[in-house]
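Novice: What follows is a single structure, and I will ask about it in a moment.
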Amino acid sequence: TGFNVVRPRLERIADRFLYYYLLSEGNRQHFEAVSKGVGYPAIEDKDFCSTNIPIPPLPEQKRIAAYLDASCAAIDRAVETKRKQLETLDALRKSIIQRAVTQGLKPNVEMKNSGVEHLGPVPNHWQIRRVKDVFEFHNHRRIPISSADRGVMVDRIYDYYGASGAIDKVEDYIFDGQYILLAEDGANLLTRSKTLAFFATGKFWVNNHAHIIKPFKGS
């Protein structure tokens, strides 16, 4: 389950042409329009089978498919190059942040053992404190709203935050101000494909998948 399995009638349509048509943006929008279900939308067999597709003459289909093979391969190579560049820049960004927040900005400052494995040596004049000693926790105020309940809301103007940032809009808010949100759970804790911590400012709502913290005044 989970896939529609199809095979073209080769005397009428080239398989690569059909493949690219199914990938097309217009077809994606059509499938979104005919899909049924809220939490787990699906395309029923009858809707899939009744979908209209363009069928050029077979030689033209093959030329289109060959053109897309070459074009998409070139784009994929460019994307891979950019991906490697972004990975390098992301690693540099993480290194800069790690050094700045654990060693400061002065290169020759006197260091001491922090006694904390993930911190390592820190500047001699720095203090080491527990998070709960310097931050207020507001997790008791967070309230999850189901996707079904969010879907029937009318004036959806406030950001609705989860573990990966703002994931939707809702018609009311429970926080007003600037807070730090930290992902509490989810696959991103392992993959780190998105930022784990982010600022939320203004009026917004938070579900039960993000820690909500704010520095004590004077911390």
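For the structure tokens, the naming scheme is as follows: chains receive sequential letters (A, B, ...) according to their order of presentation, residues are indexed from 1 within each chain, and ligands are indexed from 1 in presentation order.
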Contacts of range 192-206 of chain A at 6 Å or less, counting only C-alpha atoms, minus same-chain residues fewer than 3 places along, as an NGL selection string?
Specialist: :A and (142 or 158-161 or 173-183 or 188-189)
Novice: Using DSSP secondary structure from the backbone, list all strand (DSSP E) positions within range 76-178 of chain A, as a count of residues only.
Specialist: 24
Novice: Can you work out the spacing between CA of Gly165 in chain A and CA of Phe137 in chain A in Å, to one decimal?
Specialist: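 For CA of Gly165 in chain A relative to CA of Phe137 in chain A, the distance reads 17.8 Å.
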Novice: One decimal, Å: what's the distance from CA of Arg156 in chain A over to CA of Glu136 in chain A, could you say?
Specialist: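 These two atoms are separated by 28.4 Å.
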Novice: Which of these, A:Ile13, A:Asn208, A:Asp69, A:His30, has the shortest distance to Arg141 in chain A once you count only C-alpha atoms?
Specialist: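 That would be A:Asn208, the residue with the smallest distance to Arg141 in chain A.
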Novice: His125 in chain A: which residues within 10 Å, counting only C-alpha atoms, same-chain residues fewer than 4 positions away excluded, as a tab-separated table (two decimals) with N, CA, C and O atoms, in the first residue's frame?
Specialist:
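This is the output file result.tsv:
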```
chain	number	residue	atom	x	y	z
A	109	VAL	N	42.84	34.78	25.50
A	109	VAL	CA	42.29	34.88	26.85
A	109	VAL	C	42.68	33.64	27.66
A	109	VAL	O	42.82	32.55	27.12
A	110	GLU	N	42.89	33.82	28.97
A	110	GLU	CA	43.24	32.70	29.84
A	110	GLU	C	42.03	31.78	30.01
A	110	GLU	O	40.91	32.24	30.26
A	111	MET	N	42.26	30.47	29.87
A	111	MET	CA	41.18	29.49	29.88
A	111	MET	C	41.22	28.65	31.15
A	111	MET	O	42.24	28.57	31.85
A	112	LYS	N	40.09	28.01	31.45
A	112	LYS	CA	39.99	27.07	32.58
A	112	LYS	C	39.12	25.89	32.15
A	112	LYS	O	38.36	25.97	31.18
```
Novice: From a DSSP calculation on the backbone, collect every residue of range 80-168 of chain A in helix (DSSP H, G or I) and output the set as a ChimeraX atom specification.
Specialist: /A:80-103,131-134,139-141,147-151
Novice: Next, the residues of the selection above should be written as a CSV table (one decimal), in the first residue's frame with N, CA, C and O atoms.
Specialist:
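Contents of result_16.csv, freshly written:
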```
chain,number,residue,atom,x,y,z
A,80,GLU,N,23.6,19.3,-6.6
A,80,GLU,CA,24.6,18.6,-5.8
A,80,GLU,C,25.8,19.5,-5.4
A,80,GLU,O,26.2,19.5,-4.3
A,81,THR,N,26.2,20.3,-6.4
A,81,THR,CA,27.3,21.2,-6.1
A,81,THR,C,26.9,22.2,-5.1
A,81,THR,O,27.7,22.5,-4.1
A,82,LYS,N,25.7,22.8,-5.3
A,82,LYS,CA,25.2,23.8,-4.3
A,82,LYS,C,25.1,23.2,-2.9
A,82,LYS,O,25.3,23.8,-1.9
A,83,ARG,N,24.6,21.9,-2.9
A,83,ARG,CA,24.3,21.2,-1.6
A,83,ARG,C,25.7,21.1,-0.9
A,83,ARG,O,25.7,21.3,0.3
A,84,LYS,N,26.7,20.7,-1.6
A,84,LYS,CA,28.0,20.5,-0.9
A,84,LYS,C,28.5,21.9,-0.4
A,84,LYS,O,29.1,22.0,0.6
A,85,GLN,N,28.3,23.0,-1.2
A,85,GLN,CA,28.7,24.3,-0.8
A,85,GLN,C,27.9,24.7,0.5
A,85,GLN,O,28.5,25.3,1.4
A,86,LEU,N,26.6,24.4,0.5
A,86,LEU,CA,25.8,24.8,1.7
A,86,LEU,C,26.3,24.0,2.9
A,86,LEU,O,26.3,24.5,4.0
A,87,GLU,N,26.6,22.7,2.7
A,87,GLU,CA,27.1,21.9,3.8
A,87,GLU,C,28.4,22.4,4.4
A,87,GLU,O,28.6,22.5,5.6
A,88,THR,N,29.3,22.9,3.5
A,88,THR,CA,30.5,23.5,3.9
A,88,THR,C,30.3,24.8,4.7
A,88,THR,O,30.9,25.0,5.8
A,89,LEU,N,29.4,25.6,4.2
A,89,LEU,CA,29.1,26.9,4.9
A,89,LEU,C,28.4,26.6,6.2
A,89,LEU,O,28.6,27.3,7.2
A,90,ASP,N,27.5,25.6,6.2
A,90,ASP,CA,26.8,25.3,7.4
A,90,ASP,C,27.8,24.8,8.5
A,90,ASP,O,27.6,25.2,9.7
A,91,ALA,N,28.7,24.0,8.1
A,91,ALA,CA,29.7,23.5,9.1
A,91,ALA,C,30.6,24.7,9.6
A,91,ALA,O,30.9,24.7,10.8
A,92,LEU,N,30.9,25.6,8.7
A,92,LEU,CA,31.7,26.8,9.1
A,92,LEU,C,30.8,27.6,10.1
A,92,LEU,O,31.3,28.1,11.1
A,93,ARG,N,29.6,27.8,9.8
A,93,ARG,CA,28.6,28.6,10.7
A,93,ARG,C,28.6,27.9,12.1
A,93,ARG,O,28.7,28.6,13.1
A,94,LYS,N,28.4,26.6,12.1
A,94,LYS,CA,28.4,25.9,13.4
A,94,LYS,C,29.7,26.1,14.2
A,94,LYS,O,29.7,26.2,15.4
A,95,SER,N,30.8,26.0,13.4
A,95,SER,CA,32.1,26.1,14.1
A,95,SER,C,32.3,27.5,14.7
A,95,SER,O,32.8,27.7,15.8
A,96,ILE,N,31.9,28.5,14.0
A,96,ILE,CA,32.0,29.9,14.4
A,96,ILE,C,31.2,30.1,15.7
A,96,ILE,O,31.6,30.7,16.7
A,97,ILE,N,29.9,29.6,15.7
A,97,ILE,CA,29.0,29.7,16.8
A,97,ILE,C,29.6,29.0,18.0
A,97,ILE,O,29.7,29.6,19.1
A,98,GLN,N,30.0,27.8,17.8
A,98,GLN,CA,30.6,27.0,18.9
A,98,GLN,C,31.8,27.7,19.6
A,98,GLN,O,31.9,27.7,20.8
A,99,ARG,N,32.7,28.2,18.8
A,99,ARG,CA,33.9,28.8,19.3
A,99,ARG,C,33.5,30.1,20.1
A,99,ARG,O,34.0,30.4,21.2
A,100,ALA,N,32.6,30.9,19.5
A,100,ALA,CA,32.2,32.2,20.1
A,100,ALA,C,31.5,32.0,21.5
A,100,ALA,O,31.8,32.7,22.4
A,101,VAL,N,30.6,31.0,21.5
A,101,VAL,CA,29.8,30.9,22.8
A,101,VAL,C,30.5,30.1,23.8
A,101,VAL,O,30.1,30.0,25.0
A,102,THR,N,31.7,29.4,23.5
A,102,THR,CA,32.4,28.6,24.5
A,102,THR,C,33.8,29.2,24.8
A,102,THR,O,34.4,28.9,25.9
A,103,GLN,N,34.3,30.0,23.9
A,103,GLN,CA,35.7,30.5,24.1
A,103,GLN,C,35.8,32.0,24.0
A,103,GLN,O,36.8,32.6,24.3
A,131,VAL,N,20.8,25.8,33.1
A,131,VAL,CA,19.8,26.5,32.3
A,131,VAL,C,18.6,27.0,33.2
A,131,VAL,O,18.1,28.1,33.1
A,132,LYS,N,18.2,26.1,34.2
A,132,LYS,CA,17.1,26.5,35.0
A,132,LYS,C,17.3,27.6,35.9
A,132,LYS,O,16.4,28.2,36.5
A,133,ASP,N,18.6,28.0,36.1
A,133,ASP,CA,19.0,29.1,37.0
A,133,ASP,C,19.0,30.4,36.3
A,133,ASP,O,19.0,31.5,36.9
A,134,VAL,N,19.0,30.4,34.9
A,134,VAL,CA,19.0,31.7,34.2
A,134,VAL,C,17.8,31.8,33.2
A,134,VAL,O,17.7,32.9,32.6
A,139,ASN,N,6.6,26.2,29.6
A,139,ASN,CA,6.0,25.0,29.0
A,139,ASN,C,4.5,24.8,29.5
A,139,ASN,O,3.7,24.2,28.8
A,140,HIS,N,4.2,25.2,30.7
A,140,HIS,CA,2.9,24.9,31.2
A,140,HIS,C,1.8,25.7,30.5
A,140,HIS,O,0.6,25.4,30.6
A,141,ARG,N,2.2,26.7,29.7
A,141,ARG,CA,1.2,27.5,29.0
A,141,ARG,C,0.9,27.0,27.6
A,141,ARG,O,0.0,27.5,26.9
A,147,SER,N,-4.8,19.5,13.6
A,147,SER,CA,-4.8,20.0,12.3
A,147,SER,C,-6.3,20.2,11.8
A,147,SER,O,-6.6,21.2,11.1
A,148,ALA,N,-7.2,19.3,12.3
A,148,ALA,CA,-8.6,19.5,12.0
A,148,ALA,C,-9.2,20.7,12.6
A,148,ALA,O,-9.9,21.5,11.9
A,149,ASP,N,-8.9,21.0,13.8
A,149,ASP,CA,-9.4,22.2,14.5
A,149,ASP,C,-8.8,23.5,13.8
A,149,ASP,O,-9.5,24.5,13.7
A,150,ARG,N,-7.5,23.4,13.5
A,150,ARG,CA,-6.9,24.6,12.8
A,150,ARG,C,-7.5,24.8,11.4
A,150,ARG,O,-7.7,26.0,11.0
A,151,GLY,N,-7.9,23.7,10.8
A,151,GLY,CA,-8.4,23.8,9.4
A,151,GLY,C,-9.8,24.6,9.3
A,151,GLY,O,-10.1,25.1,8.3
```
Novice: In Å, with one decimal, what is the gap from CA of Cys72 in chain A to CA of Leu23 in chain A?
Specialist: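 Separation between CA of Cys72 in chain A and CA of Leu23 in chain A: 11.8 Å.
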Novice: Return the single residue from A:Lys214, A:Lys62, A:Arg28, A:Lys106 that is closest to Phe48 in chain A, with distances computed using only C-alpha atoms.
Specialist: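 Between A:Lys214, A:Lys62, A:Arg28, A:Lys106, the residue approaching Phe48 in chain A most closely is A:Arg28.
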Novice: May I ask which of the residues A:Val170, A:Val34, A:Ala65, A:Val116 is the closest one to Pro144 in chain A, counting only C-alpha atoms?
Specialist: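 With only C-alpha atoms as the atom set, the closest residue is A:Val170.
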Novice: When you count only C-alpha atoms, which of these residues is closest to Tyr67 in chain A: A:Tyr20, A:Pro121, A:His209, A:Val79?
Specialist: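 When distances to Tyr67 in chain A are compared using only C-alpha atoms, the smallest one comes from A:Tyr20.
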